[in-house]
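See structure below.
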Amino acid sequence: MYDKSLAMRQKKGFKRGELVKIVYNGQIISAYKGETIATALIAAGHLVSGYSHSQPRGVYCNIGICHSCAMKVNGIGNTRICKTLVTDGCQIESQNDRLREIE
Amino acid sequence: MTHHYKAVILGAGPAGLSAAVELARSGTEVAIVEDNPDVGGQVYRQPPEGFIIKEEKHLVARHKIGHQLIQNLKKLSGKISIVHNAYTWGLCNNKCLAVLHNGKINLIEFDKLFLCEGAIERSIPFRGWTLPGIMTAGGLQKMVINQGLLPGKRFLLAGSSPLLLSVAASLVAAGAEFVGVCEATSYLANLRLLPNILTHGSLLSEFISMQQKLLRRSVKFYRPYTIASAEGEAKVRKAILAKLDNSWVPIPGSETQIDIDIVGLGFGFLPHARLARLCGCDHVYDPLQKYWKPMTDQYMQSSQPNIYIAGDSKGIGGADVAELDGRIAGMHAAFELGNITQREFSDQMNVLLNKKLRIKKYVLLLNQIFAPRDGLYDLDGDTIVCRCEGITAKEILAGIDLGARDINELKRITRFGMGLCQGRTCESIVTQLMIQRDVSINKIGYLNLRPPLSPVQLGTFETAASKDIDR
Ligand code: FES
């Protein structure tokens, strides 16, 4: 499910480095080195990070505590994307796709 | 792989970094184990690699202190090893940390251990609080000031914490279209603290001037209000605010509704002391702040030999107290390890202890003003308490009514706290629901923790085991 993004990268006061590409559920998304995966996904309009009992969850604590943002990153499940930085070509998959299909 | 260090510090926030600096200065070899990719913790977080960030005015002073601390650390880099992205998930015989790093298990032995795990935000549930777009105020601020992402256009900040004003200022500076601040604390209710507030005049004037600035930038204040519920399908779209009475119970009929994209919740902080619990350190309950905290003596020594606990993880005191805590703990350990003389120790220690005493008065006052009141836990039955497992208030209360008196027993009955976060978010809520049902806090206790403290892939253990045989 994609939300049209209301999120915006700030321009004033920020200089960013290298652009990288990450792959989220098969879709290619651009991000800047130094961003967390959570930042990159929210910037691209993906606010939902998973489901618990068919209810959507998003990034909540953003500091690695609540595990609301857990996803599969480069094959490793339950990775907290709010404290994992993007790397060029990294593969990210949300974890509750089956549940989403059932619905 | 097994490593050994005289001193091992868990957490690279203000407490951990200052302990490291103090120890390294005395010639002690130190290792810092940090879950995050960077040092500084939540308060002194540095710009991500490749980013150049122009700091906002209201944050410059804070960041300067952090910058100085990190410079001091760098100067001592010969003595200090930092392990980044390293998750401490267990402990062996109170002598050795089990750490997950780069997909491998490392064992790190210590003579002295410093637990500086910091704080987490206190979660207050309401109907709809699990919707995407609702996050902690601190987490939102990190996104805005460190990552440069403004995740929406219309924002609501709700809670009871001085943090809300700071986040509001960050949102305004970043160009948010609308910012509402919904504060549970009422000024009238704090009148009895006025004499104290006046002795800390700078506190009052700082607060007023910050608020004036925000008002000029058309930030809207609701006080004393809380967010009573949130609505939306795939994300939050609407917040319903309610006026609070003196015990922070929503007043019926006072509701008002606003359209928003993002909500930041800041109901104060809780000590994050997972390792302290795992180490079996004694804890004490703080009824005003409504949290358990590990006990220490004035040198930050816990009830377990060779284990120090410093900073917010031993009770919320903020960055300045944390820094002093860290220095005190580091200096005490350096003395015990024979790396500084008795004379050096007593001279410097007295200065630190006195300084801390002064700051503590101020912190105590802030904590009193913003202390959470019982009404926050007057929950609708359908409100989710445990985010991971989707357990509602009704289910928790039913478990208590079934006779559960110990929080661990209640966990077994209801399955709250059994998800990925292992109760980090909901334990404090459940504790308050039990107190509400007249269970005494000593009966309730706190959750027993077992390693791994966070998910570790099974394959990791296999690799570690086969290596061990080689050794
Ligand atoms: S959002 Fe809480 S762990 Fe990532």
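By order in the structure tokens, chains are A, B, ...; within a chain, residues start at 1; ligands start at 1, following the order shown.
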- All residues 12 Å or closer to A:Tyr24, only C-alpha atoms, same chain fewer than 2 positions away omitted, as a PyMOL selection string: chain A and resi 2+21-22+26-31+37-38+40-42+44-46+49+71-74+81+86+89-95
Those in chain A with strand (DSSP E or B) from DSSP, as an MDAnalysis selection string
chainID A and resid 8:9 14:15 19:24 27:32 36 48:52 55:58 70:73 76:80 85 91:93
Requested write-out: N, CA and C atoms of the selected residues, as a compact mmCIF listing (two decimals), in the first residue's frame:
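Wrote out02.txt, looks like this:
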```
# COMPACT_ATOMS: atom_id res chain seq x y z
N MET A 8 9.00 15.40 3.10
CA MET A 8 9.88 16.21 2.28
C MET A 8 11.28 16.27 2.88
N ARG A 9 12.26 16.03 2.04
CA ARG A 9 13.64 16.23 2.52
C ARG A 9 13.89 17.73 2.60
N PHE A 14 20.85 21.71 5.02
CA PHE A 14 21.33 20.34 4.88
C PHE A 14 22.13 20.16 3.59
N LYS A 15 23.35 19.65 3.72
CA LYS A 15 24.10 19.20 2.54
C LYS A 15 24.24 17.70 2.67
N LEU A 19 24.29 9.83 -3.60
CA LEU A 19 22.99 9.20 -3.82
C LEU A 19 23.20 7.69 -3.98
N VAL A 20 22.33 6.91 -3.37
CA VAL A 20 22.40 5.46 -3.55
C VAL A 20 21.01 4.96 -3.95
N LYS A 21 20.98 3.70 -4.41
CA LYS A 21 19.67 3.09 -4.74
C LYS A 21 19.45 1.92 -3.80
N ILE A 22 18.24 1.84 -3.26
CA ILE A 22 17.90 0.69 -2.43
C ILE A 22 16.68 0.01 -3.05
N VAL A 23 16.46 -1.24 -2.70
CA VAL A 23 15.34 -1.97 -3.30
C VAL A 23 14.38 -2.38 -2.20
N TYR A 24 13.14 -1.86 -2.28
CA TYR A 24 12.14 -2.17 -1.27
C TYR A 24 11.00 -2.94 -1.90
N GLN A 27 10.91 -2.67 -5.50
CA GLN A 27 10.83 -1.34 -6.11
C GLN A 27 12.12 -0.56 -5.80
N ILE A 28 12.66 0.12 -6.81
CA ILE A 28 13.92 0.85 -6.59
C ILE A 28 13.62 2.24 -6.04
N ILE A 29 14.32 2.60 -4.98
CA ILE A 29 14.10 3.89 -4.32
C ILE A 29 15.46 4.58 -4.17
N SER A 30 15.50 5.89 -4.43
CA SER A 30 16.76 6.62 -4.23
C SER A 30 16.84 7.12 -2.81
N ALA A 31 18.06 7.13 -2.30
CA ALA A 31 18.27 7.63 -0.94
C ALA A 31 19.67 8.23 -0.87
N TYR A 32 19.93 8.94 0.21
CA TYR A 32 21.27 9.50 0.39
C TYR A 32 22.02 8.68 1.42
N THR A 36 18.90 6.61 7.35
CA THR A 36 18.49 5.28 7.77
C THR A 36 17.50 4.76 6.73
N VAL A 48 3.86 2.74 6.31
CA VAL A 48 3.51 1.48 6.98
C VAL A 48 4.73 0.56 6.95
N SER A 49 5.17 0.09 8.12
CA SER A 49 6.35 -0.78 8.14
C SER A 49 5.96 -2.23 8.33
N GLY A 50 4.74 -2.48 8.77
CA GLY A 50 4.34 -3.87 8.98
C GLY A 50 2.94 -3.93 9.55
N TYR A 51 2.53 -5.12 9.89
CA TYR A 51 1.18 -5.31 10.45
C TYR A 51 1.27 -6.16 11.70
N SER A 52 0.43 -5.87 12.68
CA SER A 52 0.27 -6.75 13.81
C SER A 52 -1.22 -7.05 13.89
N GLN A 55 -3.44 -5.00 11.74
CA GLN A 55 -3.47 -3.54 11.88
C GLN A 55 -2.10 -2.97 11.52
N PRO A 56 -2.09 -1.87 10.78
CA PRO A 56 -0.80 -1.35 10.32
C PRO A 56 0.04 -0.76 11.46
N ARG A 57 1.36 -0.90 11.32
CA ARG A 57 2.30 -0.27 12.24
C ARG A 57 3.30 0.53 11.42
N GLY A 58 3.84 1.57 12.07
CA GLY A 58 4.86 2.36 11.38
C GLY A 58 6.06 2.53 12.28
N ALA A 70 10.61 -3.44 12.27
CA ALA A 70 11.42 -4.60 11.87
C ALA A 70 11.12 -5.04 10.43
N MET A 71 12.15 -5.23 9.65
CA MET A 71 12.02 -5.72 8.27
C MET A 71 13.17 -6.66 7.96
N LYS A 72 13.06 -7.30 6.80
CA LYS A 72 14.14 -8.18 6.36
C LYS A 72 15.10 -7.34 5.52
N VAL A 73 16.35 -7.25 5.94
CA VAL A 73 17.34 -6.45 5.22
C VAL A 73 18.49 -7.35 4.79
N ILE A 76 18.40 -10.71 6.35
CA ILE A 76 18.35 -10.87 7.81
C ILE A 76 17.03 -10.30 8.34
N GLY A 77 16.23 -11.16 8.92
CA GLY A 77 14.92 -10.77 9.40
C GLY A 77 15.01 -9.95 10.68
N ASN A 78 13.91 -9.31 11.02
CA ASN A 78 13.81 -8.55 12.27
C ASN A 78 14.89 -7.48 12.43
N THR A 79 15.31 -6.91 11.32
CA THR A 79 16.28 -5.81 11.38
C THR A 79 15.53 -4.52 11.65
N ARG A 80 16.02 -3.75 12.61
CA ARG A 80 15.36 -2.48 12.91
C ARG A 80 15.83 -1.43 11.90
N LEU A 85 21.56 1.98 8.42
CA LEU A 85 21.79 2.95 7.36
C LEU A 85 21.64 2.30 5.99
N GLN A 91 18.79 -4.73 -0.12
CA GLN A 91 17.49 -5.34 -0.41
C GLN A 91 16.65 -5.33 0.85
N ILE A 92 15.49 -4.72 0.78
CA ILE A 92 14.64 -4.60 1.96
C ILE A 92 13.27 -5.20 1.65
N GLU A 93 12.80 -6.02 2.54
CA GLU A 93 11.45 -6.58 2.36
C GLU A 93 10.66 -6.40 3.65
```
For chain B versus ligand 1, which residues have an atom no more than 10 Å away, and what is each residue's nearest atom pair and distance in Å rounded to one decimal, using only C-alpha atoms and all ligand atoms, chain-then-number order, as JSON lines?
```
{"residue": "B:Met135", "atom": "CA", "partner": "ligand 1", "partner_atom_place_in_ligand_line": "1 (S)", "distance": 8.1}
{"residue": "B:Thr136", "atom": "CA", "partner": "ligand 1", "partner_atom_place_in_ligand_line": "1 (S)", "distance": 9.0}
{"residue": "B:Gly139", "atom": "CA", "partner": "ligand 1", "partner_atom_place_in_ligand_line": "1 (S)", "distance": 8.0}
{"residue": "B:Leu420", "atom": "CA", "partner": "ligand 1", "partner_atom_place_in_ligand_line": "3 (S)", "distance": 9.5}
{"residue": "B:Cys421", "atom": "CA", "partner": "ligand 1", "partner_atom_place_in_ligand_line": "3 (S)", "distance": 8.0}
{"residue": "B:Thr425", "atom": "CA", "partner": "ligand 1", "partner_atom_place_in_ligand_line": "2 (Fe)", "distance": 9.3}
```
task: Using only C-alpha atoms, find the residues of chain B whose closest atom to chain A is at most 6 Å away, then write them as number ranges by chain.
output: B: 48-54, 131-132, 135-136, 139, 148-152, 421
### Message
Taking the DSSP secondary structure from the backbone, can you list the residues of chain A that are alpha helix (DSSP H), as a ChimeraX atom specification?
### Response
/A:37-43,97-102
Let me see the file: selected residues, all heavy atoms, as a compact mmCIF listing (two decimals), in the first residue's frame.
```
# COMPACT_ATOMS: atom_id res chain seq x y z
N ILE A 37 17.31 3.45 6.73
CA ILE A 37 16.34 2.87 5.80
C ILE A 37 14.96 3.46 6.09
O ILE A 37 14.19 3.77 5.19
CB ILE A 37 16.33 1.33 5.92
CG1 ILE A 37 17.69 0.77 5.47
CG2 ILE A 37 15.20 0.72 5.08
CD1 ILE A 37 17.85 -0.73 5.68
N ALA A 38 14.66 3.66 7.37
CA ALA A 38 13.36 4.22 7.76
C ALA A 38 13.16 5.59 7.11
O ALA A 38 12.10 5.87 6.53
CB ALA A 38 13.26 4.33 9.27
N THR A 39 14.16 6.44 7.18
CA THR A 39 14.07 7.76 6.56
C THR A 39 13.79 7.64 5.07
O THR A 39 12.91 8.31 4.53
CB THR A 39 15.39 8.54 6.78
OG1 THR A 39 15.58 8.72 8.18
CG2 THR A 39 15.36 9.89 6.11
N ALA A 40 14.55 6.78 4.41
CA ALA A 40 14.42 6.64 2.95
C ALA A 40 13.03 6.16 2.58
O ALA A 40 12.43 6.66 1.62
CB ALA A 40 15.49 5.69 2.42
N LEU A 41 12.49 5.20 3.33
CA LEU A 41 11.17 4.66 3.00
C LEU A 41 10.08 5.70 3.26
O LEU A 41 9.15 5.85 2.46
CB LEU A 41 10.88 3.38 3.78
CG LEU A 41 11.76 2.16 3.43
CD1 LEU A 41 11.24 0.91 4.13
CD2 LEU A 41 11.84 1.93 1.93
N ILE A 42 10.18 6.40 4.37
CA ILE A 42 9.15 7.41 4.67
C ILE A 42 9.21 8.53 3.63
O ILE A 42 8.18 9.00 3.15
CB ILE A 42 9.30 7.94 6.11
CG1 ILE A 42 8.99 6.82 7.10
CG2 ILE A 42 8.36 9.13 6.35
CD1 ILE A 42 9.21 7.17 8.54
N ALA A 43 10.41 8.91 3.25
CA ALA A 43 10.56 9.96 2.23
C ALA A 43 9.89 9.52 0.93
O ALA A 43 9.38 10.34 0.17
CB ALA A 43 12.03 10.27 1.99
N ASP A 97 3.99 -9.72 4.49
CA ASP A 97 3.29 -9.70 3.20
C ASP A 97 2.19 -10.74 3.11
O ASP A 97 1.15 -10.49 2.54
CB ASP A 97 4.29 -9.91 2.07
CG ASP A 97 5.18 -8.70 1.96
OD1 ASP A 97 4.70 -7.63 2.34
OD2 ASP A 97 6.33 -8.82 1.55
N ARG A 98 2.42 -11.89 3.69
CA ARG A 98 1.41 -12.94 3.60
C ARG A 98 0.12 -12.48 4.25
O ARG A 98 -0.95 -12.59 3.69
CB ARG A 98 1.91 -14.22 4.27
CG ARG A 98 2.76 -15.03 3.33
CD ARG A 98 2.79 -16.49 3.73
NE ARG A 98 1.50 -17.06 3.97
CZ ARG A 98 1.30 -18.04 4.85
NH1 ARG A 98 2.29 -18.50 5.57
NH2 ARG A 98 0.10 -18.54 5.01
N LEU A 99 0.29 -11.91 5.40
CA LEU A 99 -0.86 -11.40 6.12
C LEU A 99 -1.60 -10.37 5.28
O LEU A 99 -2.82 -10.35 5.20
CB LEU A 99 -0.37 -10.76 7.42
CG LEU A 99 -1.41 -10.36 8.43
CD1 LEU A 99 -2.16 -11.57 8.91
CD2 LEU A 99 -0.74 -9.67 9.60
N ARG A 100 -0.81 -9.56 4.57
CA ARG A 100 -1.44 -8.51 3.76
C ARG A 100 -2.20 -9.11 2.59
O ARG A 100 -3.23 -8.61 2.19
CB ARG A 100 -0.37 -7.54 3.27
CG ARG A 100 0.00 -6.54 4.34
CD ARG A 100 1.35 -6.00 4.14
NE ARG A 100 1.42 -5.07 3.00
CZ ARG A 100 2.53 -4.43 2.68
NH1 ARG A 100 3.62 -4.63 3.39
NH2 ARG A 100 2.55 -3.60 1.68
N GLU A 101 -1.66 -10.20 2.03
CA GLU A 101 -2.34 -10.82 0.90
C GLU A 101 -3.67 -11.44 1.31
O GLU A 101 -4.64 -11.38 0.60
CB GLU A 101 -1.44 -11.89 0.26
CG GLU A 101 -0.44 -11.28 -0.71
CD GLU A 101 0.74 -12.19 -0.94
OE1 GLU A 101 0.58 -13.41 -0.77
OE2 GLU A 101 1.82 -11.67 -1.26
N ILE A 102 -3.66 -12.05 2.48
CA ILE A 102 -4.88 -12.71 2.98
C ILE A 102 -6.03 -11.72 3.07
O ILE A 102 -7.16 -12.03 2.78
CB ILE A 102 -4.62 -13.34 4.37
CG1 ILE A 102 -3.60 -14.47 4.24
CG2 ILE A 102 -5.91 -13.88 4.97
CD1 ILE A 102 -3.05 -14.94 5.56
```
Excluding B:Gly381 and residues on its chain fewer than 3 positions from it, collect all residues at most 7 Å away from it, counting only C-alpha atoms, and give them as a PyMOL selection string. chain B and resi 392-394
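From atom CA of B:Arg45 back to atom CA of B:Val144, the distance works out to 12.6 Å.
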Margin query: I'd like the neighbourhood of B:Ser428 as a list of chain:residue names, where a residue qualifies if any of its atoms comes within 8 Å (using only C-alpha atoms), though same-chain residues fewer than 4 positions away should be ignored.
Written below: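 Residues near the query, excluding close chain neighbours: B:Arg122, B:Ser123, B:Lys290, B:Tyr291, B:Gln432.
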### Task
Work out how far atom CA of B:Glu55 is from atom CA of B:Asn36, in Å to one decimal.
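Spanning atom CA of B:Asn36 to atom CA of B:Glu55 is a straight-line distance of 21.4 Å.
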Among B:Pro294, B:Pro250, B:Gly138, B:Gly103, B:Thr460 is approached most closely, using only C-alpha atoms, by B:Gly103
| Which residue, B:Gly403, B:Gly78, B:Pro47, B:Gly266, has the smallest gap to B:Val167 when you use only C-alpha atoms? |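 Ranked by minimum distance to B:Val167, first place goes to B:Gly266.
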For this session: Could you check which of B:Leu379, B:Ala276, B:Ala31, B:Ile134 is closest to B:Glu109, using only C-alpha atoms?
Result: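 Answer, going by the shortest atom-to-atom distance: B:Ala31.
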- [ ] Please identify all polymer residues within 10 Å of B:Tyr222, counting only C-alpha atoms, omitting same-chain residues fewer than 3 positions from it, and present them as a list in words.
- [x] Ala158, Gly180, Val181, Cys182, Glu183, Ala184, Tyr225, Thr226, Leu241, Ala242 and Lys243 of chain B
